[in-house]
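What follows is a short report on a single structure.
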Amino acid sequence: MFFRARRALQRARFNFSCRSLLTTPPIQTSDSTVTLVTMLCHGEVIMYLLAVKSFCLQLGRVPSVVILDDGSLTPEDHATLTAHIPAVRIVPIATVLPAECPKGSCWERLLLISDIVKDTYVVQIDSDTLTLNAIPEIQQCIAVNRSFTLMGDRSFPEIESMANANERYKDNTNPMVQAVCERSFSQLPESASLNYVRGNAGFTGFAQGSFGRQQVEFFSALMERIAKEKWNEWGSEQVTSNLVIANVPDAQPLSFPKYLSYWAHADVNYEQSSFIHFIGPFRFANGFYLRSAKKRIDALKDAAKKQLR
């Protein structure tokens, strides 16, 4: 209870401190061959606009934008989003067709991506992210239609065989569903022919045509065999995203610490990173997210002034 109240207060303070973002110009789609997808909730609209605008500034173009409304967005939220991204498509979560996989916990987001990726390259970008510096690796992945993933915190930085991943994580006794799956891969005969990457679904790129609902359902059924009832818990969608990425040709894990999540490690110079995912437990630690957000707002204002010259 105290944690939730504290988080709500921190988020409200962040939104108030970053309200000047709403004075920055709207972004106009310039490249429909790429689509940004985000599942969004009420209360994170300013965070989301910061994430998308800072990403597009460094990408050098504005993809099509699709927002998955988790059911909490208000009419005022819709108006703000449309004002800043006029071509945005907002999809109610209830309209995403179900599949043979769990419901909730971001599964509808992955299913929506599996539908959109038939026609465009898709970048899944969480609302609690910021793009601070140049992202040539992302530009290159999009240019050559290569999938990518942000990595878990200091995870093994390569795509590897599922058998090797099982050996790596077999002694991890964490009760979360991802750890349960990783230490149990050896139970699956299919593990001999599959790959795995310990990625983070907060920032992923899916090459056009790289997967569909069939793959989502296949990997879900595969992991449910070893995770059993835990497969309905939070985190199962990320395991599936990791499997999708790892088993498409030529996918690229993004290098740490240029692309990373914010765990407030004292030995990491986050200022030099290009892309940061400000995960929940450490999002507001040390005030770094707010300081970085304010710098991004200033950069967006400077860019707008240059366009007027």
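As shown in the structure tokens, the chain order sets the letters A, B, ...; within each chain, residues go from 1, and ligands are also counted from 1 in the order they appear.
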
Find the spatial neighbours of Ala264 (chain A), counting only C-alpha atoms, within a cut-off of 8 Å - ignore same-chain residues fewer than 4 positions away - and output them as a PyMOL selection string. chain A and resi 268+282+285-286

Give me, as a ChimeraX atom specification, all polymer residues having an atom no more than 8 Å from Ile245 (chain A), counting only C-alpha atoms and skipping those fewer than 6 positions away in the same chain. /A:147-149,197,206,251

Taking the DSSP secondary structure from the backbone, can you list the residues of region 10-181 of chain A that are strand (DSSP E or B), as a PyMOL selection string? chain A and resi 31-40+63-69+89-92+121-125+129-131+148-151+160-161

Contacts of Pro92 (chain A) at 12 Å or less, counting only C-alpha atoms, minus same-chain residues fewer than 6 places along, as a PyMOL selection string? chain A and resi 39-41+66-74+78+108-109+112

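Residue nearest Gln58 (chain A) within the list A:Leu194, A:Ala5, A:Ala227, A:Ala299: A:Ala299 [criterion: smallest interatomic distance, only C-alpha atoms].
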
Spatial neighbours of Phe256 (chain A), 9 Å, only C-alpha atoms, chain gap at least 2 places, as a list in words: Leu150, Met151, Asp153, Arg154, Pro157, Leu254, Lys258, Tyr259, Leu260 and Ser273 of chain A

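For the pair CA of Val216 (chain A) and CA of Asn247 (chain A), the separation is 11.7 Å.
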
Hey, could you make a per-residue contact list for region 138-167 of chain A against region 174-193 of chain A with 12 Å as the cut-off, showing the nearest pair of atoms and its distance in Å to one decimal, counting only C-alpha atoms, sorted by chain and number, as a Markdown table?
| residue | atom | partner | partner_atom | distance |
| --- | --- | --- | --- | --- |
| A:Gly152 | CA | A:Gln178 | CA | 11.4 |
| A:Glu160 | CA | A:Ser193 | CA | 10.9 |
| A:Ser161 | CA | A:Ala192 | CA | 7.6 |
| A:Met162 | CA | A:Ser191 | CA | 5.4 |
| A:Ala163 | CA | A:Ser191 | CA | 6.1 |
| A:Asn164 | CA | A:Phe185 | CA | 9.5 |
| A:Ala165 | CA | A:Glu182 | CA | 6.9 |
| A:Asn166 | CA | A:Arg183 | CA | 5.3 |
| A:Glu167 | CA | A:Arg183 | CA | 7.6 |

Expected file: the selected residues, N, CA and C atoms, as a compact mmCIF listing (two decimals), in the first residue's frame:
# COMPACT_ATOMS: atom_id res chain seq x y z
N GLY A 152 18.27 -7.87 -20.63
CA GLY A 152 18.06 -7.80 -19.20
C GLY A 152 19.29 -7.26 -18.51
N GLU A 160 21.76 -17.45 -27.73
CA GLU A 160 22.42 -18.74 -27.58
C GLU A 160 21.41 -19.87 -27.69
N SER A 161 21.91 -21.08 -27.77
CA SER A 161 21.00 -22.22 -27.82
C SER A 161 20.24 -22.32 -26.50
N MET A 162 19.04 -22.85 -26.57
CA MET A 162 18.24 -23.02 -25.37
C MET A 162 18.95 -23.94 -24.38
N ALA A 163 19.68 -24.92 -24.89
CA ALA A 163 20.43 -25.84 -24.01
C ALA A 163 21.51 -25.09 -23.23
N ASN A 164 22.22 -24.19 -23.90
CA ASN A 164 23.24 -23.40 -23.21
C ASN A 164 22.61 -22.46 -22.18
N ALA A 165 21.48 -21.87 -22.55
CA ALA A 165 20.79 -20.98 -21.61
C ALA A 165 20.33 -21.75 -20.39
N ASN A 166 19.84 -22.96 -20.59
CA ASN A 166 19.43 -23.79 -19.47
C ASN A 166 20.59 -24.07 -18.53
N GLU A 167 21.75 -24.37 -19.09
CA GLU A 167 22.94 -24.63 -18.27
C GLU A 167 23.34 -23.38 -17.49
